[in-house]
Amino acid sequence: MAARPGVTRLASPPSLLVLGFCAVNCVYTAIVAWRILHGDLYAVVPPSVARRLVFGGVSLGGPLAIAYNALFAVAPLMLLRLRDFTTLSSEAAAIMRSRLPGGLALWPLVAVSLVIAAVYVASWPEAILPFEDERVRWFTDQIPDATPVDQPLLVRAHYLAHLAADVRYTLPLLNSLFPIALTWGLVIYFGARSALPVSLAALLVFTNPVPILYSTGADAEIPAAVFGLLGVLAVGSRRWKAGFFLLWLGALFKITGLYYAGAGAAFFLWAVLHGRASWRELKSPLALAMAALTVLYYLNYAAYVVHRGVTYAIHTTPYSFFIFPARVFAHDFVTTYAAISILVALAWILVRERRALLICVPMLVFALRCTALPAGGYYTLFFVPLMAWVVAELFVWGFAERPRVAAALVPLVVGLSLGFHADVFVVKRAAFTTPRTMKWNAVVGAIDAALPRGGGVFYRKVSPKYDLLKRGRGDATFTYTTEDPAETERRLTAPGAKVYLAPVEDLDDAARRRLIANGYRPILEDLGSPTSKFALWAKAA
């Protein structure tokens, strides 16, 4: 029996992505509503926000929070009813059928997808300690904020996943899906014969130690960049509906997706000025609906910027505008990503017929991104999907133009790069706060043994709450301390049994002496990396 058109449309990739977005927000809205209706408003709405939602003595925090979250659980479903979206769904399904390989030709894609997922999951003991990441603590230490400033989609997806399985595996596994999605998306972009070279490029780029080391975080740099890049490439191919939709998805994951949207807008403007596109594309119901949803989605962020100013994101006095982030990112490209950067340069030299595109897209995205101050570290992940695409361009060109040479050289280059990455990984794994450098199992066990029933656990930067709750220590109270040392010391010296896990730098010599005089003793020291040391203190009742 033939499938009904409505079922086929709902099974298309654009529809599944919209339904997935709505599903995550729908389940989370139900949790928000449950907590609010049971009198636990501050569990999901920060008191600083809730206090501003009181009018005439009546608190509207609960109803507004539920309505705000319900909006993003339901409103995107209207896209499925638009004729433009139906056209987009049909075109996407047809493109996938025509450009993806079938049968045994799929094996490179399947194999590399499994390898990337396996490497991400297997590397978690050496990767960033999940509970150091602020966004991970949002959902392991509390219910995530129902009125978030930062775009919450990935954090909420991770929150729901960790309810079903251990966070150490759900985090890297879910994060690995985005490099895998880019790999398949690039094969669709290049065509069926590109499966092997694209897979090799993805294997080379996404086994770089830095994406792996950060694979246990809940930061959305890579998801936003994956969909943003695919959107820019679709716009460059004059597939306007698909391009706008993918750029919109990138913006749903993180505000950095707007930099790719800016690049896509520049390419669209160029096409209009050269008579290859029409302004009517922007007036379509689908484009207008996505624009309206984006404005609503970013209202909280806009309110935050108006209230706090943009100095953090754009400019502060000690740092020069544009130059500072450009230098930091450039340093990462020639050190951490040296092997990949060499291949990018080779692509710019060798792939002559697409040289303009290969140079213009990275340079434009780089220029837009450097208008914001934060740079380095996990922020450079923003460029990793871009590098994967350019390396894929080089490998696809090689297999098409010089198949014999490419068949010999590309596997060799990939093998050497993997060796280089492995060496860097071994060096870098000691430089981060990881389960190994933190001796995490010993830390959690020591806290469990030292803390009597009803005691308090105080911590900063890394959180033992998730593991202690798994050990059945729901009796303990958990407090994430502030950066104010006087306030922290006041709370630590209050009566009662306590343990304190925090960076060594939080305690000067005088503070340590006062803690010892108050009954504290260090039970574990020399925790963490050489540049970020921690200690565990305990005090009996």
# chains A, B, ... in the order shown; residues from 1 in each chain; ligands from 1

call {"tool": "closest_atom_pairs", "arguments": {"of": "range 124-243 of chain A", "to": "range 56-67 of chain A", "cutoff": "10 Å", "atoms": "only C-alpha atoms", "output": "tab-separated table"}}
result
residue	atom	partner	partner_atom	distance
A:Asp145	CA	A:Ala65	CA	9.9
A:Ala146	CA	A:Ala65	CA	6.5
A:Thr147	CA	A:Ala65	CA	6.7

call {"tool": "write_last_selection", "arguments": {"atoms": "N, CA, C and O atoms", "output": "tab-separated table (two decimals), in the first residue's frame"}}
result
chain	number	residue	atom	x	y	z
A	145	ASP	N	16.70	26.42	33.59
A	145	ASP	CA	15.94	27.65	33.64
A	145	ASP	C	14.81	27.64	32.60
A	145	ASP	O	15.05	27.40	31.42
A	146	ALA	N	13.61	27.93	33.06
A	146	ALA	CA	12.47	27.97	32.15
A	146	ALA	C	12.40	29.27	31.36
A	146	ALA	O	11.63	29.38	30.41
A	147	THR	N	13.20	30.27	31.77
A	147	THR	CA	13.23	31.54	31.04
A	147	THR	C	14.68	31.85	30.68
A	147	THR	O	15.26	32.82	31.15

call {"tool": "residues_around", "arguments": {"residues": "Gly231 in chain A", "least_positions_apart": "4", "cutoff": "10 Å", "atoms": "only C-alpha atoms", "output": "count of residues only"}}
result
22

call {"tool": "closest_residue", "arguments": {"among": "A:Ala356, A:Leu186, A:Val365, A:Ile342", "to": "Leu258 in chain A", "atoms": "only C-alpha atoms"}}
result
A:Val365

call {"tool": "select_by_dssp", "arguments": {"residues": "range 94-124 of chain A", "states": "alpha helix (DSSP H)", "output": "list in words"}}
result
Ala94, Ile95, Met96, Arg97, Ser98, Arg99, Trp107, Pro108, Leu109, Val110, Ala111, Val112, Ser113, Leu114, Val115, Ile116, Ala117, Ala118, Val119, Tyr120, Val121 and Ala122 of chain A

call {"tool": "closest_residue", "arguments": {"among": "A:Phe534, A:Tyr466, A:Trp34, A:Phe253", "to": "Leu507 in chain A", "atoms": "only C-alpha atoms"}}
result
A:Phe534

call {"tool": "select_by_dssp", "arguments": {"residues": "range 249-484 of chain A", "states": "strand (DSSP E)", "output": "PyMOL selection string"}}
result
chain A and resi 456-459+477-480

call {"tool": "write_last_selection", "arguments": {"atoms": "N, CA, C and O atoms", "output": "CSV table (one decimal), in the first residue's frame"}}
result
chain,number,residue,atom,x,y,z
A,456,GLY,N,26.3,18.8,54.7
A,456,GLY,CA,26.3,19.7,53.6
A,456,GLY,C,27.5,19.6,52.6
A,456,GLY,O,28.6,19.4,53.1
A,457,VAL,N,27.2,19.7,51.3
A,457,VAL,CA,28.3,19.6,50.3
A,457,VAL,C,28.4,20.9,49.7
A,457,VAL,O,27.4,21.4,49.1
A,458,PHE,N,29.6,21.5,49.8
A,458,PHE,CA,29.9,22.8,49.1
A,458,PHE,C,30.9,22.6,48.0
A,458,PHE,O,31.9,21.9,48.2
A,459,TYR,N,30.7,23.3,46.9
A,459,TYR,CA,31.6,23.1,45.8
A,459,TYR,C,31.5,24.3,44.8
A,459,TYR,O,30.5,25.1,44.8
A,477,THR,N,22.6,18.2,51.7
A,477,THR,CA,22.3,19.5,51.1
A,477,THR,C,23.5,19.9,50.2
A,477,THR,O,24.6,19.7,50.5
A,478,PHE,N,23.2,20.5,49.0
A,478,PHE,CA,24.2,20.8,48.0
A,478,PHE,C,24.2,22.3,47.8
A,478,PHE,O,23.1,22.8,47.5
A,479,THR,N,25.3,22.9,47.9
A,479,THR,CA,25.4,24.4,47.7
A,479,THR,C,26.6,24.7,46.7
A,479,THR,O,27.7,24.3,47.0
A,480,TYR,N,26.2,25.3,45.7
A,480,TYR,CA,27.2,25.8,44.7
A,480,TYR,C,27.7,27.2,45.2
A,480,TYR,O,26.9,28.2,45.2

call {"tool": "atom_distance", "arguments": {"atom1": "CA of Ala400 in chain A", "atom2": "CA of Ala388 in chain A"}}
result
18.1 Å

call {"tool": "residues_around", "arguments": {"residues": "range 217-222 of chain A", "least_positions_apart": "6", "cutoff": "7 Å", "atoms": "only C-alpha atoms", "output": "MDAnalysis selection string"}}
result
chainID A and resid 130 133 135:136 154:155 171 253:254 379 381:382 385

call {"tool": "decode", "arguments": {"residues": "range 260-310 of chain A", "atoms": "C-alpha atoms", "output": "PDB file, in the first residue's frame"}}
result
ATOM      1  CA  TYR A 260      26.305  31.932   9.689  1.00  0.00           C
ATOM      2  CA  ALA A 261      22.914  33.526   9.060  1.00  0.00           C
ATOM      3  CA  GLY A 262      24.758  36.779   8.361  1.00  0.00           C
ATOM      4  CA  ALA A 263      26.997  34.999   5.861  1.00  0.00           C
ATOM      5  CA  GLY A 264      23.942  33.447   4.215  1.00  0.00           C
ATOM      6  CA  ALA A 265      22.309  36.867   4.026  1.00  0.00           C
ATOM      7  CA  ALA A 266      25.399  38.262   2.311  1.00  0.00           C
ATOM      8  CA  PHE A 267      25.323  35.515  -0.331  1.00  0.00           C
ATOM      9  CA  PHE A 268      21.593  36.037  -0.871  1.00  0.00           C
ATOM     10  CA  LEU A 269      22.110  39.796  -1.280  1.00  0.00           C
ATOM     11  CA  TRP A 270      24.868  39.133  -3.807  1.00  0.00           C
ATOM     12  CA  ALA A 271      22.512  36.837  -5.744  1.00  0.00           C
ATOM     13  CA  VAL A 272      19.761  39.494  -5.736  1.00  0.00           C
ATOM     14  CA  LEU A 273      22.117  42.214  -6.951  1.00  0.00           C
ATOM     15  CA  HIS A 274      23.287  39.948  -9.784  1.00  0.00           C
ATOM     16  CA  GLY A 275      19.748  38.993 -10.803  1.00  0.00           C
ATOM     17  CA  ARG A 276      20.007  35.395  -9.576  1.00  0.00           C
ATOM     18  CA  ALA A 277      17.432  35.726  -6.788  1.00  0.00           C
ATOM     19  CA  SER A 278      14.377  37.782  -5.990  1.00  0.00           C
ATOM     20  CA  TRP A 279      13.368  39.672  -2.861  1.00  0.00           C
ATOM     21  CA  ARG A 280      10.124  37.687  -3.076  1.00  0.00           C
ATOM     22  CA  GLU A 281      11.959  34.772  -1.454  1.00  0.00           C
ATOM     23  CA  LEU A 282      12.042  36.756   1.787  1.00  0.00           C
ATOM     24  CA  LYS A 283       8.303  37.464   1.595  1.00  0.00           C
ATOM     25  CA  SER A 284       7.260  33.819   1.487  1.00  0.00           C
ATOM     26  CA  PRO A 285       5.036  32.676   4.399  1.00  0.00           C
ATOM     27  CA  LEU A 286       7.724  30.186   5.483  1.00  0.00           C
ATOM     28  CA  ALA A 287      10.492  32.823   5.646  1.00  0.00           C
ATOM     29  CA  LEU A 288       8.239  35.297   7.479  1.00  0.00           C
ATOM     30  CA  ALA A 289       7.060  32.657   9.978  1.00  0.00           C
ATOM     31  CA  MET A 290      10.628  31.563  10.760  1.00  0.00           C
ATOM     32  CA  ALA A 291      11.704  35.195  11.156  1.00  0.00           C
ATOM     33  CA  ALA A 292       8.841  35.850  13.597  1.00  0.00           C
ATOM     34  CA  LEU A 293       9.689  32.750  15.640  1.00  0.00           C
ATOM     35  CA  THR A 294      13.351  33.790  15.760  1.00  0.00           C
ATOM     36  CA  VAL A 295      12.436  37.240  17.086  1.00  0.00           C
ATOM     37  CA  LEU A 296      10.304  35.681  19.833  1.00  0.00           C
ATOM     38  CA  TYR A 297      12.998  33.123  20.575  1.00  0.00           C
ATOM     39  CA  TYR A 298      15.591  35.838  21.149  1.00  0.00           C
ATOM     40  CA  LEU A 299      13.442  38.207  23.222  1.00  0.00           C
ATOM     41  CA  ASN A 300      15.082  37.095  26.458  1.00  0.00           C
ATOM     42  CA  TYR A 301      18.546  37.588  25.006  1.00  0.00           C
ATOM     43  CA  ALA A 302      17.614  41.034  23.697  1.00  0.00           C
ATOM     44  CA  ALA A 303      16.224  42.008  27.105  1.00  0.00           C
ATOM     45  CA  TYR A 304      19.438  40.800  28.734  1.00  0.00           C
ATOM     46  CA  VAL A 305      21.601  42.850  26.375  1.00  0.00           C
ATOM     47  CA  VAL A 306      19.508  45.970  26.984  1.00  0.00           C
ATOM     48  CA  HIS A 307      19.680  45.435  30.744  1.00  0.00           C
ATOM     49  CA  ARG A 308      23.360  44.443  31.056  1.00  0.00           C
ATOM     50  CA  GLY A 309      24.959  46.018  27.993  1.00  0.00           C
ATOM     51  CA  VAL A 310      26.979  44.323  25.273  1.00  0.00           C
TER      52      VAL A 310
END
